[in-house]
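What follows is a set of notes on a single structure, which appears directly below.
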Amino acid sequence: MSRAALLVLADGRFPAGGHAHSGGVEPAVKAGRVHDAASLAEFCRGRLHTAGLVSASLAAAAVLGLDPLALDEAADARTPSPALRATARKLGRQMMRAARAAWPSSELDLLAAARPRGAHQPVVLGLAARAGGLSASDAAHCVAYETVSGPATAAVRLLSLDPFDATGVLAGLAPELDTVAGRAARAAVSATAEGLSALPAASAPLLDVMAEAHAAWPVRLFAS
């Protein structure tokens, strides 16, 4: 197992396209739901325990060798918003390019061929983690962190938030990141024996609603 590979995969400079996406915080800022560090922390916490848990479990399941095409379909079923499905596949396509350059893998090649327009990003990340010799827990931690670090970084730009305050939000959520990643990894293990129905299907309806509204904006700072 390569701990350095985890650092590469989780690095914000890994060219997977996440910097162009706000994780839903841009419409939340416009609606006044996120306006300071405290409200950002609440937003990130909600996203972590819903969309983050689902995505982390999908990535962990991919590491454990579950069928990535079936996982991609499971991701679709757990993503009711067309805008968010499109975003997940766009990010998956970019993640695929970076992952194949970093950790060439026949499994990544097969998924790229089967989903030329992009598979869901967590599934691709899970296969990348598998190719890099990482564990299901590693992949789950990586996705959980990405779930909150993206919105926190975007909030710095959207609110002129002090970067130190944004970092404090992430540090404060660290215990919950561990909890969610642990739940996701355990669910992935259960899915290997019980099927994909064992994976979480937590929902965040307001994120879905805001994503659809955001996709229709004529001018926006972030792609999603």
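By order of appearance in the structure tokens: chains A, B, ..., then residues from 1 within every chain, and ligands from 1 in the order shown.
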
Please identify every residue of segment 126-184 of chain A that has at least one atom no farther than 7 Å from an atom of segment 19-37 of chain A, counting only C-alpha atoms, and for each give the shortest atom pair and the distance in Å to one decimal, arranged by chain then increasing number, as a Markdown table.
| residue | atom | partner | partner_atom | distance |
| --- | --- | --- | --- | --- |
| A:Gly150 | CA | A:Ser22 | CA | 5.9 |
| A:Pro151 | CA | A:Ser22 | CA | 5.0 |
| A:Ala154 | CA | A:Ser22 | CA | 5.3 |
| A:Ala155 | CA | A:Val25 | CA | 6.9 |
| A:Leu159 | CA | A:His35 | CA | 7.0 |
| A:Asp165 | CA | A:Ala37 | CA | 6.3 |
| A:Ala166 | CA | A:Ala37 | CA | 6.6 |
| A:Val169 | CA | A:Ala37 | CA | 6.8 |

How would the residues just chosen look if you wrote them out with C-alpha atoms as a PDB file, in the first residue's frame?
ATOM      1  CA  GLY A 150     -14.243  21.908  -2.604  1.00  0.00           C
ATOM      2  CA  PRO A 151     -16.998  24.052  -1.072  1.00  0.00           C
ATOM      3  CA  ALA A 154     -14.952  28.012  -3.332  1.00  0.00           C
ATOM      4  CA  ALA A 155     -16.311  29.962  -0.364  1.00  0.00           C
ATOM      5  CA  LEU A 159     -17.307  35.404   0.150  1.00  0.00           C
ATOM      6  CA  ASP A 165     -11.139  30.462   8.651  1.00  0.00           C
ATOM      7  CA  ALA A 166     -11.891  28.073   5.785  1.00  0.00           C
ATOM      8  CA  VAL A 169     -13.748  24.707   9.130  1.00  0.00           C
TER       9      VAL A 169
END

>> What's around segment 196-213 of chain A at 7 Å? Count only C-alpha atoms, leave out sequence neighbours fewer than 2 positions away in its own chain, and write the answer as a PyMOL selection string.
In response: chain A and resi 24+27+50-51+54+57+78+81+83-84+187-188+190-191+194+215-217+224

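Of the residues under consideration (A:Asp109, A:His120, A:Leu6, A:Ser160), A:His120 shows the shortest atom-to-atom contact distance to Thr79 of chain A when counting only C-alpha atoms.
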
>> Here is a test: counting only C-alpha atoms, which residue of A:Gly17, A:Asp72, A:Met95, A:Ser106 is nearest to Ser55 of chain A?
In response: A:Asp72

Please produce, as CSV, a per-residue contact table for segment 82-114 of chain A versus segment 125-130 of chain A (criterion: any atom at most 7 Å away, only C-alpha atoms considered), showing the nearest atom pair and its distance in Å to one decimal, sorted by chain then residue number.
residue,atom,partner,partner_atom,distance
A:Met95,CA,A:Leu125,CA,6.9
A:Ala99,CA,A:Ala128,CA,5.6
A:Trp103,CA,A:Ala128,CA,6.8
A:Leu108,CA,A:Leu127,CA,6.5

>> I need the residues of segment 36-170 of chain A that end up classed as helix (DSSP H, G or I) by DSSP on the backbone, written out as JSON, numbers by chain.
In response: {"A": [37, 38, 39, 40, 41, 42, 43, 44, 45, 46, 47, 48, 49, 50, 51, 52, 53, 54, 55, 56, 57, 58, 59, 60, 61, 62, 63, 68, 69, 70, 71, 72, 73, 74, 75, 76, 77, 82, 83, 84, 85, 86, 87, 88, 89, 90, 91, 92, 93, 94, 95, 96, 97, 98, 99, 100, 101, 102, 106, 107, 108, 109, 110, 111, 112, 113, 114, 121, 122, 123, 124, 125, 126, 127, 128, 129, 130, 131, 136, 137, 138, 139, 140, 141, 142, 143, 144, 145, 146, 147, 148, 149, 150, 151, 152, 153, 154, 155, 156, 157, 158, 159, 163, 164, 165, 166, 167, 168, 169, 170]}

Closest pair table for segment 9-63 of chain A residues within 6 Å of segment 136-141 of chain A, only C-alpha atoms, as a tab-separated table:
residue	atom	partner	partner_atom	distance
A:Ala56	CA	A:Ala140	CA	4.4
A:Ala59	CA	A:Ala139	CA	5.9
A:Ala60	CA	A:Ala136	CA	4.2
A:Val63	CA	A:Ala136	CA	5.3

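Proximity of A:Cys44, A:Ala174, A:Leu161, A:Val123 to Gly65 of chain A, computed with only C-alpha atoms, is greatest for A:Val123.
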
> For the atom pair atom CA of Leu64 of chain A and atom CA of Leu9 of chain A, what is the interatomic distance in Å to one decimal place?
Replying inline: 17.3 Å

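For the pair atom CA of Gly52 of chain A and atom CA of Ala101 of chain A, the separation is 25.7 Å.
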
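The smallest atom-to-atom distance between Leu173 of chain A and any of A:Leu48, A:Ala4, A:Ala86, A:Ala77, using only C-alpha atoms, is found for A:Leu48.
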
Name all residues at most 12 Å from Leu110 of chain A (count only C-alpha atoms; drop same-chain ones fewer than 6 positions away) and give them as a short mmCIF file (atom, residue, chain, number, x, y, z; two decimals) with N, CA and C atoms, in the first residue's frame.
data_model
loop_
_atom_site.label_atom_id
_atom_site.label_comp_id
_atom_site.auth_asym_id
_atom_site.auth_seq_id
_atom_site.Cartn_x
_atom_site.Cartn_y
_atom_site.Cartn_z
N ASP A 67 -18.22 -4.46 -9.61
CA ASP A 67 -18.33 -4.11 -11.03
C ASP A 67 -18.50 -2.59 -11.18
N PRO A 68 -17.55 -1.91 -11.82
CA PRO A 68 -17.65 -0.45 -11.93
C PRO A 68 -18.85 0.02 -12.76
N LEU A 69 -19.27 -0.78 -13.73
CA LEU A 69 -20.45 -0.39 -14.51
C LEU A 69 -21.71 -0.46 -13.66
N MET A 96 -10.60 10.48 -15.03
CA MET A 96 -10.11 9.34 -15.79
C MET A 96 -8.82 9.70 -16.52
N ARG A 100 -5.40 7.72 -15.48
CA ARG A 100 -4.71 6.83 -16.43
C ARG A 100 -3.27 7.29 -16.66
N PRO A 104 -1.54 3.79 -14.83
CA PRO A 104 -2.10 3.03 -15.95
C PRO A 104 -2.69 1.70 -15.48
N PRO A 116 -17.46 6.40 -22.57
CA PRO A 116 -16.62 7.43 -23.21
C PRO A 116 -17.01 8.85 -22.83
N GLY A 118 -17.87 9.63 -19.84
CA GLY A 118 -17.53 9.76 -18.43
C GLY A 118 -18.38 8.91 -17.52
N ALA A 119 -17.74 8.20 -16.61
CA ALA A 119 -18.44 7.53 -15.52
C ALA A 119 -18.50 8.47 -14.33
N VAL A 124 -14.70 6.33 -10.69
CA VAL A 124 -13.39 6.47 -11.32
C VAL A 124 -12.31 6.64 -10.26
N LEU A 127 -11.46 3.33 -8.73
CA LEU A 127 -10.60 2.51 -9.58
C LEU A 127 -9.18 3.06 -9.61
#

>> For Leu91 of chain A, find every residue with an atom within 7 Å (counting only C-alpha atoms), except residues of its own chain fewer than 2 positions away, and show them as a ChimeraX atom specification.
In response: /A:16-17,87-89,93-95,121
